[in-house]
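Okay, run.cif now, which holds mmCIF, C-alpha atoms:
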```cif
data_target
loop_
_atom_site.label_atom_id
_atom_site.label_comp_id
_atom_site.auth_asym_id
_atom_site.auth_seq_id
_atom_site.Cartn_x
_atom_site.Cartn_y
_atom_site.Cartn_z
CA MET A 406 119.22 109.70 91.51
CA GLY A 407 122.23 110.05 93.80
CA ASN A 408 123.92 113.42 93.88
CA ILE A 409 124.26 114.56 90.32
CA LEU A 410 123.48 118.10 89.37
CA LYS A 411 122.33 117.65 85.83
CA PHE A 412 121.77 114.62 83.66
CA GLU A 413 121.49 115.02 79.91
CA ILE A 414 121.54 112.37 77.21
CA SER A 415 123.40 113.02 73.97
CA ASP A 416 121.55 114.61 71.06
CA PHE A 417 122.07 111.76 68.73
CA LEU A 418 123.06 108.07 68.41
CA GLU A 419 122.94 105.82 65.38
CA THR A 420 122.64 102.12 64.59
CA LYS A 421 122.21 100.19 61.35
CA ARG A 422 118.48 100.77 60.94
CA LEU A 423 117.83 103.44 63.54
CA LEU A 424 118.57 106.93 64.72
CA LEU A 425 118.16 107.68 68.39
CA ARG A 426 117.63 111.39 68.84
CA LYS A 427 116.10 113.78 71.32
CA LEU A 428 112.36 114.21 71.08
CA LYS A 429 110.76 117.31 69.56
CA ILE A 430 107.26 118.76 69.66
CA GLU A 431 107.07 118.04 65.92
CA ASP A 432 107.05 114.32 66.82
CA THR A 433 103.51 114.63 68.20
CA GLU A 434 101.85 113.16 65.12
CA SER A 435 104.07 110.10 64.69
CA ILE A 436 104.23 109.31 68.41
CA TYR A 437 100.46 109.64 68.87
CA GLN A 438 100.02 107.02 66.13
CA TRP A 439 101.27 104.29 68.44
CA PHE A 440 101.17 105.80 71.94
CA SER A 441 97.37 105.82 71.58
CA ASP A 442 97.41 102.01 71.45
CA PRO A 443 96.08 100.69 74.80
CA GLU A 444 97.58 97.27 74.13
CA LEU A 445 101.06 98.81 73.94
CA THR A 446 100.91 100.45 77.37
CA ARG A 447 98.92 97.68 79.07
CA LEU A 448 102.05 95.94 80.32
CA SER A 449 103.94 99.10 81.24
CA THR A 450 103.66 101.90 83.77
CA TRP A 451 102.65 104.32 81.02
CA ASN A 452 99.10 105.36 80.24
CA TYR A 453 98.13 105.35 76.57
CA HIS A 454 97.44 108.72 74.99
CA ARG A 455 93.75 109.45 74.47
CA SER A 456 94.35 112.53 72.35
CA LYS A 457 97.12 114.37 70.54
CA GLU A 458 96.95 116.84 73.39
CA ASP A 459 98.13 114.03 75.72
CA THR A 460 101.06 113.40 73.38
CA ARG A 461 101.93 117.10 73.24
CA THR A 462 101.86 117.38 77.04
CA PHE A 463 104.03 114.27 77.28
CA LEU A 464 106.55 115.69 74.79
CA HIS A 465 106.68 119.05 76.56
CA LEU A 466 107.52 117.21 79.78
CA MET A 467 110.19 115.09 78.07
CA ILE A 468 111.81 118.14 76.46
CA GLU A 469 111.71 120.09 79.71
CA ARG A 470 113.64 117.24 81.34
CA TYR A 471 116.52 117.58 78.83
CA ASN A 472 116.83 121.22 79.87
CA LYS A 473 116.41 120.66 83.59
CA GLY A 474 118.57 117.54 83.71
CA ASP A 475 115.78 115.50 85.31
CA LEU A 476 115.08 111.81 84.82
CA PRO A 477 113.58 109.85 83.12
CA GLN A 478 115.02 110.94 79.77
CA ASN A 479 114.37 109.24 76.46
CA TRP A 480 115.51 109.33 72.90
CA GLY A 481 112.99 108.92 70.13
CA ILE A 482 113.71 105.82 68.05
CA VAL A 483 113.59 106.93 64.42
CA HIS A 484 113.25 104.23 61.79
CA LYS A 485 115.63 105.44 59.05
CA GLU A 486 113.67 103.81 56.25
CA SER A 487 110.40 105.58 57.05
CA SER A 488 111.72 108.54 59.11
CA ASN A 489 108.98 107.85 61.66
CA VAL A 490 109.50 107.91 65.42
CA ILE A 491 108.53 104.32 66.20
CA GLY A 492 109.53 104.10 69.83
CA LEU A 493 111.30 105.49 72.85
CA CYS A 494 114.35 104.36 74.76
CA GLY A 495 116.48 105.84 77.47
CA PHE A 496 117.13 106.15 81.17
CA THR A 497 114.70 106.10 84.05
CA ASP A 498 117.39 106.40 86.70
CA TYR A 499 121.10 107.09 87.08
CA SER A 500 123.43 107.09 90.07
CA ILE A 501 126.87 108.60 89.71
CA ILE A 502 127.87 107.27 93.15
CA ASN A 503 127.07 103.67 92.29
CA SER A 504 127.92 104.01 88.57
CA SER A 505 124.57 102.47 87.74
CA ALA A 506 121.62 103.26 85.52
CA THR A 507 118.14 101.93 84.87
CA VAL A 508 116.92 101.75 81.29
CA GLY A 509 113.51 101.51 79.65
CA TYR A 510 111.99 101.27 76.20
CA ALA A 511 108.81 101.05 74.13
CA VAL A 512 108.32 100.24 70.45
CA ALA A 513 105.17 100.62 68.35
CA ARG A 514 103.35 97.31 68.05
CA ASN A 515 103.53 97.12 64.25
CA TYR A 516 107.32 97.15 64.57
CA TRP A 517 107.52 94.27 67.03
CA ASN A 518 109.47 91.09 66.26
CA LEU A 519 111.92 92.93 64.04
CA GLY A 520 114.62 93.29 66.68
CA ILE A 521 114.09 97.06 66.86
CA ALA A 522 114.14 97.33 70.66
CA THR A 523 117.17 95.05 70.89
CA GLU A 524 119.05 97.11 68.27
CA ALA A 525 118.21 100.39 69.98
CA MET A 526 118.94 99.12 73.49
CA LYS A 527 122.32 97.64 72.50
CA GLU A 528 123.31 101.18 71.59
CA VAL A 529 121.81 102.57 74.81
CA LEU A 530 123.80 100.00 76.83
CA ARG A 531 126.98 100.90 74.93
CA TYR A 532 126.30 104.55 75.73
CA ALA A 533 125.68 103.74 79.41
CA PHE A 534 128.92 101.79 79.80
CA MET A 535 131.16 103.94 77.57
CA ASN A 536 129.80 107.47 77.90
CA LEU A 537 128.17 107.46 81.33
CA GLY A 538 130.82 105.22 82.84
CA CYS A 539 128.30 102.77 84.23
CA ASN A 540 129.37 99.55 85.88
CA ARG A 541 125.82 98.19 86.13
CA VAL A 542 122.69 98.74 84.05
CA GLU A 543 119.36 97.43 85.18
CA ALA A 544 115.91 97.11 83.66
CA ASN A 545 112.57 96.11 85.11
CA CYS A 546 109.32 94.82 83.74
CA PHE A 547 106.02 93.32 84.79
CA PRO A 548 106.23 89.49 84.82
CA GLU A 549 103.50 89.32 82.15
CA ASN A 550 105.53 91.43 79.73
CA LEU A 551 107.01 88.57 77.71
CA PRO A 552 108.21 90.69 74.74
CA SER A 553 110.17 92.92 77.08
CA LYS A 554 111.74 89.94 78.81
CA GLU A 555 112.81 88.58 75.42
CA VAL A 556 114.59 91.87 74.69
CA MET A 557 116.42 91.80 78.01
CA LYS A 558 117.56 88.24 77.43
CA LYS A 559 118.78 89.12 73.93
CA LEU A 560 120.72 92.01 75.43
CA GLY A 561 122.50 89.57 77.71
CA MET A 562 120.83 90.78 80.88
CA SER A 563 120.48 88.41 83.83
CA TYR A 564 117.37 87.95 85.91
CA GLU A 565 118.03 89.01 89.50
CA GLY A 566 114.74 88.62 91.29
CA LEU A 567 111.05 89.31 91.67
CA LEU A 568 110.28 92.47 93.64
CA ARG A 569 106.86 91.74 95.04
CA LYS A 570 104.16 94.43 94.94
CA LYS A 571 106.83 96.98 94.17
CA LEU A 572 104.79 99.41 92.06
CA PHE A 573 101.28 100.76 92.38
CA VAL A 574 100.18 101.43 88.81
CA LYS A 575 96.71 101.99 87.41
CA GLY A 576 95.10 100.92 90.69
CA ILE A 577 97.00 97.67 91.19
CA PHE A 578 100.12 96.62 93.10
CA HIS A 579 102.42 94.96 90.59
CA ASP A 580 105.32 92.56 91.01
CA ILE A 581 108.41 93.66 89.12
CA GLU A 582 111.06 91.45 87.55
CA SER A 583 114.52 92.94 87.87
CA TYR A 584 117.31 92.31 85.36
CA SER A 585 120.83 93.64 85.07
CA ILE A 586 124.00 93.56 83.01
CA LEU A 587 127.45 94.45 84.29
CA LYS A 588 130.28 96.12 82.45
CA GLY A 589 132.17 93.55 80.40
CA GLU A 590 129.29 91.05 80.26
CA LYS A 591 127.96 90.11 76.85
CA MET B 553 99.28 110.12 99.89
CA GLU B 554 101.47 112.96 101.05
CA ARG B 555 104.13 112.35 103.66
CA ARG B 556 102.97 115.35 105.69
CA ASP B 557 99.81 113.38 106.48
CA PHE B 558 101.91 111.31 108.87
CA LYS B 559 103.22 112.36 112.21
CA PHE B 560 106.38 110.99 113.72
CA GLU B 561 105.62 109.14 116.96
CA ASN B 562 107.75 107.80 119.77
CA LEU B 563 107.45 104.04 120.05
CA GLU B 564 108.15 101.50 122.76
CA THR B 565 109.05 97.82 123.03
CA LEU B 566 109.84 95.55 125.95
CA ARG B 567 113.45 96.71 126.34
CA LEU B 568 113.55 99.86 124.22
CA LEU B 569 112.26 103.36 123.78
CA LEU B 570 112.27 104.55 120.19
CA ARG B 571 112.42 108.32 119.89
CA LYS B 572 113.65 111.15 117.68
CA PRO B 573 117.44 111.33 117.76
CA GLY B 574 119.06 114.72 118.41
CA LYS B 575 122.44 116.30 118.87
CA GLU B 576 122.33 115.49 122.61
CA ASP B 577 122.84 111.85 121.53
CA ALA B 578 126.07 112.62 119.70
CA ALA B 579 128.43 111.26 122.35
CA ASP B 580 126.55 107.95 122.61
CA MET B 581 126.26 107.67 118.85
CA PHE B 582 129.91 108.49 118.23
CA GLU B 583 130.88 105.52 120.43
CA TYR B 584 129.51 103.12 117.83
CA SER B 585 129.52 105.21 114.63
CA SER B 586 133.30 105.64 114.92
CA ASP B 587 133.66 101.85 114.97
CA GLU B 588 134.93 100.45 111.68
CA GLN B 589 133.28 97.09 112.22
CA VAL B 590 129.87 98.59 113.00
CA THR B 591 129.84 100.84 109.90
CA GLY B 592 131.73 98.40 107.64
CA PHE B 593 128.72 97.50 105.51
CA LEU B 594 127.15 100.96 105.52
CA THR B 595 127.54 103.63 102.84
CA TRP B 596 128.94 106.03 105.45
CA GLY B 597 131.34 106.09 108.38
CA PRO B 598 133.23 105.44 110.44
CA SER B 599 132.58 108.89 111.90
CA LYS B 600 135.72 110.97 112.23
CA SER B 601 134.72 113.33 115.02
CA LEU B 602 132.11 114.05 117.63
CA GLU B 603 131.44 117.32 115.82
CA ASP B 604 130.55 115.45 112.57
CA THR B 605 128.19 113.22 114.52
CA LYS B 606 126.50 116.27 116.05
CA THR B 607 126.00 117.85 112.63
CA PHE B 608 124.69 114.58 111.27
CA LEU B 609 122.18 114.23 114.11
CA GLU B 610 121.02 117.82 113.71
CA GLY B 611 120.27 117.03 110.07
CA VAL B 612 118.38 113.86 111.02
CA SER B 613 116.37 115.71 113.66
CA ARG B 614 115.46 118.52 111.24
CA LYS B 615 114.33 116.09 108.54
CA ILE B 616 112.15 114.22 111.03
CA GLU B 617 110.50 117.48 112.09
CA MET B 618 109.83 118.35 108.45
CA GLY B 619 108.19 114.95 108.00
CA GLU B 620 110.86 113.93 105.47
CA LEU B 621 112.37 111.13 107.50
CA PHE B 622 111.16 108.41 109.83
CA ASP B 623 114.19 107.32 111.83
CA TRP B 624 114.24 106.40 115.50
CA GLY B 625 116.96 106.48 118.13
CA LEU B 626 117.03 103.28 120.21
CA ILE B 627 117.24 103.89 123.94
CA LEU B 628 117.90 100.93 126.19
CA LYS B 629 115.36 101.39 129.01
CA LYS B 630 117.54 99.75 131.65
CA THR B 631 120.44 102.18 131.24
CA GLY B 632 118.98 105.12 129.29
CA LYS B 633 121.78 104.73 126.76
CA PHE B 634 121.37 105.58 123.08
CA ILE B 635 122.61 102.40 121.38
CA GLY B 636 121.57 102.65 117.74
CA THR B 637 119.04 103.85 115.21
CA CYS B 638 116.58 102.26 112.87
CA GLY B 639 113.90 103.53 110.54
CA PHE B 640 112.97 104.18 106.94
CA VAL B 641 115.86 105.25 104.76
CA SER B 642 113.38 105.95 101.99
CA LEU B 643 109.61 106.14 101.66
CA ASP B 644 107.69 106.04 98.43
CA PHE B 645 104.10 106.90 99.24
CA ASN B 646 102.99 106.69 95.59
CA ASN B 647 103.80 103.00 95.62
CA ARG B 648 103.16 102.65 99.36
CA SER B 649 106.57 101.18 99.90
CA GLY B 650 109.43 101.91 102.27
CA GLU B 651 112.98 100.73 102.79
CA ILE B 652 114.37 100.14 106.27
CA GLY B 653 117.90 100.60 107.54
CA TYR B 654 119.51 100.17 110.95
CA ILE B 655 122.71 100.37 112.98
CA LEU B 656 123.45 99.03 116.45
CA SER B 657 126.36 99.42 118.86
CA LYS B 658 128.50 96.29 118.83
CA LYS B 659 128.14 95.88 122.60
CA HIS B 660 124.50 95.01 122.04
CA TRP B 661 124.80 92.59 119.15
CA ASN B 662 123.37 89.06 119.41
CA ARG B 663 120.70 89.89 121.97
CA GLY B 664 117.73 90.31 119.64
CA ILE B 665 117.70 94.08 120.18
CA MET B 666 117.50 95.04 116.51
CA THR B 667 114.88 92.38 115.80
CA GLU B 668 112.80 93.85 118.63
CA ALA B 669 113.19 97.42 117.31
CA LEU B 670 112.54 96.49 113.69
CA ASN B 671 109.42 94.53 114.52
CA ARG B 672 108.02 97.70 116.06
CA VAL B 673 109.13 99.95 113.19
CA ILE B 674 107.71 97.52 110.64
CA ARG B 675 104.40 97.53 112.50
CA TYR B 676 104.46 101.33 112.41
CA GLY B 677 105.14 101.20 108.67
CA PHE B 678 102.19 98.97 107.90
CA GLU B 679 99.70 100.19 110.50
CA SER B 680 100.49 103.90 110.75
CA LEU B 681 102.12 104.76 107.41
CA GLY B 682 99.79 102.47 105.46
CA LEU B 683 102.58 100.73 103.55
CA LYS B 684 102.00 97.72 101.32
CA ARG B 685 105.63 96.66 101.04
CA ILE B 686 108.66 97.14 103.28
CA GLU B 687 112.03 96.27 101.81
CA ALA B 688 115.61 96.08 102.98
CA LYS B 689 118.91 95.62 101.23
CA CYS B 690 122.03 94.22 102.78
CA ASP B 691 125.52 93.43 101.63
CA LYS B 692 125.78 89.79 100.55
CA GLU B 693 128.52 89.33 103.14
CA ASN B 694 126.65 90.91 106.02
CA ILE B 695 125.44 87.71 107.65
CA SER B 696 124.26 89.29 110.93
CA SER B 697 122.10 91.80 109.10
CA GLU B 698 120.65 89.06 106.98
CA ARG B 699 119.78 87.09 110.09
CA VAL B 700 117.87 90.07 111.52
CA LEU B 701 115.87 90.44 108.29
CA GLU B 702 114.95 86.78 108.34
CA LYS B 703 113.94 86.97 112.00
CA VAL B 704 111.48 89.78 111.29
CA GLY B 705 109.91 87.62 108.58
CA MET B 706 111.40 89.18 105.48
CA LYS B 707 111.79 87.10 102.33
CA ASN B 708 114.84 87.21 100.12
CA GLU B 709 113.83 88.27 96.62
CA GLY B 710 117.13 88.21 94.82
CA LEU B 711 120.66 89.48 94.52
CA LEU B 712 121.32 92.90 92.98
CA ARG B 713 124.79 92.52 91.56
CA LYS B 714 127.28 95.35 92.10
CA ALA B 715 124.36 97.61 92.94
CA GLN B 716 126.19 99.78 95.46
CA TYR B 717 129.59 101.39 95.46
CA SER B 718 130.94 102.08 98.91
CA LYS B 719 134.30 101.99 100.64
CA ASN B 720 136.20 101.48 97.40
CA ARG B 721 134.29 98.57 95.96
CA TYR B 722 131.11 97.51 94.25
CA ARG B 723 128.90 95.47 96.48
CA ASP B 724 126.31 92.81 95.74
CA LEU B 725 123.13 93.52 97.67
CA LYS B 726 120.60 90.98 98.83
CA ILE B 727 117.10 92.39 98.58
CA TYR B 728 114.41 91.41 101.08
CA SER B 729 110.79 92.38 101.51
CA LEU B 730 107.78 91.89 103.72
CA LEU B 731 104.26 92.58 102.45
CA SER B 732 101.41 93.92 104.55
CA ASP B 733 99.33 90.74 104.29
CA GLU B 734 102.30 88.62 105.38
CA PHE B 735 102.82 90.95 108.32
CA GLU B 736 99.17 90.65 109.32
CA LYS B 737 99.35 86.86 109.25
CA ARG B 738 102.46 86.89 111.43
CA ARG B 739 100.89 89.36 113.83
CA ASP B 740 97.63 87.43 114.09
CA SER B 741 99.39 84.12 114.68
CA ARG B 742 101.43 85.76 117.46
CA ILE B 743 98.30 87.16 119.09
CA GLY B 744 96.77 83.70 118.83
CA LYS B 745 99.74 82.19 120.63
CA HIS B 746 99.52 84.67 123.50
CA SER B 747 95.78 84.31 123.97
CA LYS B 748 96.21 80.58 124.58
CA ILE B 749 98.54 81.23 127.50
#
```
As structure tokens, what does this structure read like?
Amino acid sequence: MGNILKFEISDFLETKRLLLRKLKIEDTESIYQWFSDPELTRLSTWNYHRSKEDTRTFLHLMIERYNKGDLPQNWGIVHKESSNVIGLCGFTDYSIINSSATVGYAVARNYWNLGIATEAMKEVLRYAFMNLGCNRVEANCFPENLPSKEVMKKLGMSYEGLLRKKLFVKGIFHDIESYSILKGEK
Amino acid sequence: MERRDFKFENLETLRLLLRKPGKEDAADMFEYSSDEQVTGFLTWGPSKSLEDTKTFLEGVSRKIEMGELFDWGLILKKTGKFIGTCGFVSLDFNNRSGEIGYILSKKHWNRGIMTEALNRVIRYGFESLGLKRIEAKCDKENISSERVLEKVGMKNEGLLRKAQYSKNRYRDLKIYSLLSDEFEKRRDSRIGKHSKI
């Protein structure tokens, strides 16, 4: 992550329909609801949670990272209307030397096609450019992950290339599509 | 896979010995690492003093001994001179992937030296380190580096815009890769060629 002592996301961000806030152990119940969905994690590097214990372990790790300043770090996406945590978004990498960051996200399947990820990620990009001083933000996904690609396009990200057999996940070498947006691009 | 499972080995090609660099190489290295043209596209350099180069090489040598780094000094057999380095600037054993980097004294450019060294290092990466993917990034404007990557069979995958900040500007990086099965095909076709002779 390029010579930074401690990385810590802000406690709180807000958009029209959403709050982005740091995760808490109390989120176990609402996150397990959708993180236990194998279809959700099928196209990502994450494993789905088989029990609430998995979710608790995951949350402990996420919270520990806020304190340690390690990456990745995510906000919980809270749907204001229902107060549920319906997704995660945040940073998987950050380089202070190159002024660049890598972002990632996941949204519960019953909230797909409502523009939730796009709304949350617009705010994350704003935070990356304005607060972290980024000049470049990138995001990656498996080529089969069409919903994720749609989000990146809506965010104004440009496709940069296919990184062949870049990640070994769940027993398979996966190609990765790489996208980016530069400061000032819309 | 843990990196400590792998042992650094000296390697050899037709014209070169590839061995662990050390502070005894500082004078030879400083000759090219102090050259603005040679280090122009790198994230570091030009080296300011022989002392800096010594410290740098001590660090490299220590990391190699700890199994944290696979980087080779290139010794021209004919003269015994240390003329450059090449190796893995990063290794990701979880994903069985590695990134190569290299630097060569200007006096030895355009003679296929780096292609010869990289071919050997790439072979080491696939055969000894068990990699699936070897990648390289080079500045969009670094035509000679790009030519080397193409000569060792790497494929251009895309352009990472403004992905690196060095020497006061953001640089677009071309990303290249070679996969283990592509390497095997190249190797086997080369063996085939020789056996016909």
Shortest interatomic distance to chain A - which of B:Thr637, B:Asn671, B:Ser613, B:Ser729, counting only C-alpha atoms: B:Ser729
Quick one: apply the PyMOL selection byres ((chain A and resi 587) around 7) to the file and drop the selected residues here as a PyMOL selection string. chain A and resi 540-542+585-586+588-590
Select, from B:Arg675, B:Lys692, B:Arg648, B:His660, the residue with the minimum atom-to-atom distance to chain A, counting only C-alpha atoms.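 Using only C-alpha atoms, the shortest distance to chain A belongs to B:Arg648.
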Mind listing as a PyMOL selection string all residues within 6 Å of (109.8, 105.9, 71.1), counting only C-alpha atoms? chain A and resi 481-482+491-493+511-512
Within 7 Å of chain B, which residues of chain A show up when using only C-alpha atoms, listed as number ranges by chain? A: 502-503, 541, 565-568, 570-573
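Residues in contact with Thr523 (chain A) at 8 Å, where all atoms listed in the file are counted and same-chain residues fewer than 3 positions away are skipped, are listed as Gly520, Met526, Lys527, Val556, Met557, Lys559 and Leu560 of chain A.
Relative to CA of Phe560 (chain B), CA of Glu620 (chain B) is found at 9.8 Å.
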Could you please give me, as a list in words, the residues of protein, DNA or RNA lying at most 10 Å from (128.3, 90.2, 104.7) in the coordinate frame of the file, considering all atoms listed in the file?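 Every polymer residue passing the test: Gly592, Phe593, Cys690, Asp691, Lys692, Glu693, Asn694, Ile695, Ser696, Ser697, Glu698, Arg723, Asp724, Leu725 and Lys726 of chain B.
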Write the residues of the selection above to a file with C-alpha atoms, as a PDB file, keeping the file's coordinate frame.
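Wrote selection39.pdb, looks like this:
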```pdb
ATOM      1  CA  GLY B 592     131.730  98.400 107.640  1.00  0.00           C
ATOM      2  CA  PHE B 593     128.720  97.500 105.510  1.00  0.00           C
ATOM      3  CA  CYS B 690     122.030  94.220 102.780  1.00  0.00           C
ATOM      4  CA  ASP B 691     125.520  93.430 101.630  1.00  0.00           C
ATOM      5  CA  LYS B 692     125.780  89.790 100.550  1.00  0.00           C
ATOM      6  CA  GLU B 693     128.520  89.330 103.140  1.00  0.00           C
ATOM      7  CA  ASN B 694     126.650  90.910 106.020  1.00  0.00           C
ATOM      8  CA  ILE B 695     125.440  87.710 107.650  1.00  0.00           C
ATOM      9  CA  SER B 696     124.260  89.290 110.930  1.00  0.00           C
ATOM     10  CA  SER B 697     122.100  91.800 109.100  1.00  0.00           C
ATOM     11  CA  GLU B 698     120.650  89.060 106.980  1.00  0.00           C
ATOM     12  CA  ARG B 723     128.900  95.470  96.480  1.00  0.00           C
ATOM     13  CA  ASP B 724     126.310  92.810  95.740  1.00  0.00           C
ATOM     14  CA  LEU B 725     123.130  93.520  97.670  1.00  0.00           C
ATOM     15  CA  LYS B 726     120.600  90.980  98.830  1.00  0.00           C
TER      16      LYS B 726
END
```
Rounded to one decimal in Å, what is the spacing between CA of Glu524 (chain A) and CA of Lys473 (chain A)?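 Straight-line distance from CA of Glu524 (chain A) to CA of Lys473 (chain A) works out to 28.2 Å.
This file, filtered with the PyMOL selection byres ((chain B and resi 606) around 9), gives the residues Gly574, Lys575, Glu576, Asp577, Ala578, Ala579, Phe582, Ser601, Leu602, Glu603, Asp604, Thr605, Thr607, Phe608, Leu609, Glu610 and Gly611 of chain B.
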Test item: residues at most 8 Å from region 447-450 of chain A, all atoms listed in the file, excluding those fewer than 3 positions along its chain, as a ChimeraX atom specification: /A:443-444,546-547,549-550,574-575
What gap, in Å, lies between CA of Tyr499 (chain A) and CA of Ser441 (chain A)?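 It comes out at 28.4 Å.
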Would you mind listing what lies within 10 Å of Glu583 (chain B) as JSON, numbers by chain, with all atoms listed in the file counted and same-chain residues fewer than 2 positions away left out? {"B": [578, 579, 580, 581, 585, 586, 587, 599, 602, 634, 635, 657, 658]}
Enclose all atoms of region 663-672 of chain B listed in the file in an axis-aligned box, grow every side by 3 Å, and hand back centre and edge lengths in Å to one decimal, as JSON.
```
{"center_x": 114.4, "center_y": 93.8, "center_z": 117.8, "size_x": 18.7, "size_y": 13.8, "size_z": 14.3}
```
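Proximity ranking of A:Arg514, A:Asp432, A:Ser505, A:Lys411 relative to Leu445 (chain A) places A:Arg514 first, based on all atoms listed in the file.
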Name the residues captured by the PyMOL selection byres ((chain B and resi 628) around 12) when it is applied to the shown file; answer as a ChimeraX atom specification. /B:564-571,580,625-627,629-637,656-657,659-660,665-666,668-669
Give me region 688-699 of chain B from this structure - N, CA, C and O atoms, as a compact mmCIF listing (two decimals), in the first residue's frame.
```
# COMPACT_ATOMS: atom_id res chain seq x y z
N ALA B 688 4.63 -7.39 -16.10
CA ALA B 688 5.59 -6.30 -16.11
C ALA B 688 4.85 -5.03 -16.47
O ALA B 688 3.87 -5.07 -17.22
N LYS B 689 5.29 -3.93 -15.90
CA LYS B 689 4.70 -2.64 -16.24
C LYS B 689 5.80 -1.75 -16.76
O LYS B 689 6.90 -1.74 -16.22
N CYS B 690 5.51 -1.01 -17.81
CA CYS B 690 6.50 -0.02 -18.23
C CYS B 690 5.84 1.27 -18.66
O CYS B 690 4.70 1.28 -19.10
N ASP B 691 6.57 2.34 -18.48
CA ASP B 691 6.11 3.66 -18.87
C ASP B 691 5.73 3.63 -20.35
O ASP B 691 6.46 3.05 -21.16
N LYS B 692 4.60 4.23 -20.67
CA LYS B 692 4.10 4.26 -22.05
C LYS B 692 5.18 4.76 -23.02
O LYS B 692 5.22 4.35 -24.17
N GLU B 693 6.05 5.63 -22.53
CA GLU B 693 7.05 6.23 -23.42
C GLU B 693 8.37 5.44 -23.48
O GLU B 693 9.28 5.81 -24.20
N ASN B 694 8.44 4.38 -22.69
CA ASN B 694 9.69 3.63 -22.62
C ASN B 694 9.73 2.54 -23.70
O ASN B 694 9.51 1.36 -23.44
N ILE B 695 10.03 2.97 -24.90
CA ILE B 695 9.93 2.09 -26.07
C ILE B 695 10.91 0.92 -25.98
O ILE B 695 10.59 -0.21 -26.35
N SER B 696 12.13 1.17 -25.46
CA SER B 696 13.11 0.06 -25.44
C SER B 696 12.70 -1.01 -24.45
O SER B 696 12.90 -2.20 -24.67
N SER B 697 12.09 -0.61 -23.34
CA SER B 697 11.63 -1.58 -22.37
C SER B 697 10.48 -2.41 -22.95
O SER B 697 10.40 -3.63 -22.79
N GLU B 698 9.62 -1.71 -23.65
CA GLU B 698 8.49 -2.37 -24.29
C GLU B 698 8.96 -3.43 -25.30
O GLU B 698 8.42 -4.52 -25.37
N ARG B 699 10.01 -3.08 -26.02
CA ARG B 699 10.54 -4.00 -27.02
C ARG B 699 11.07 -5.28 -26.35
O ARG B 699 10.86 -6.38 -26.84
```
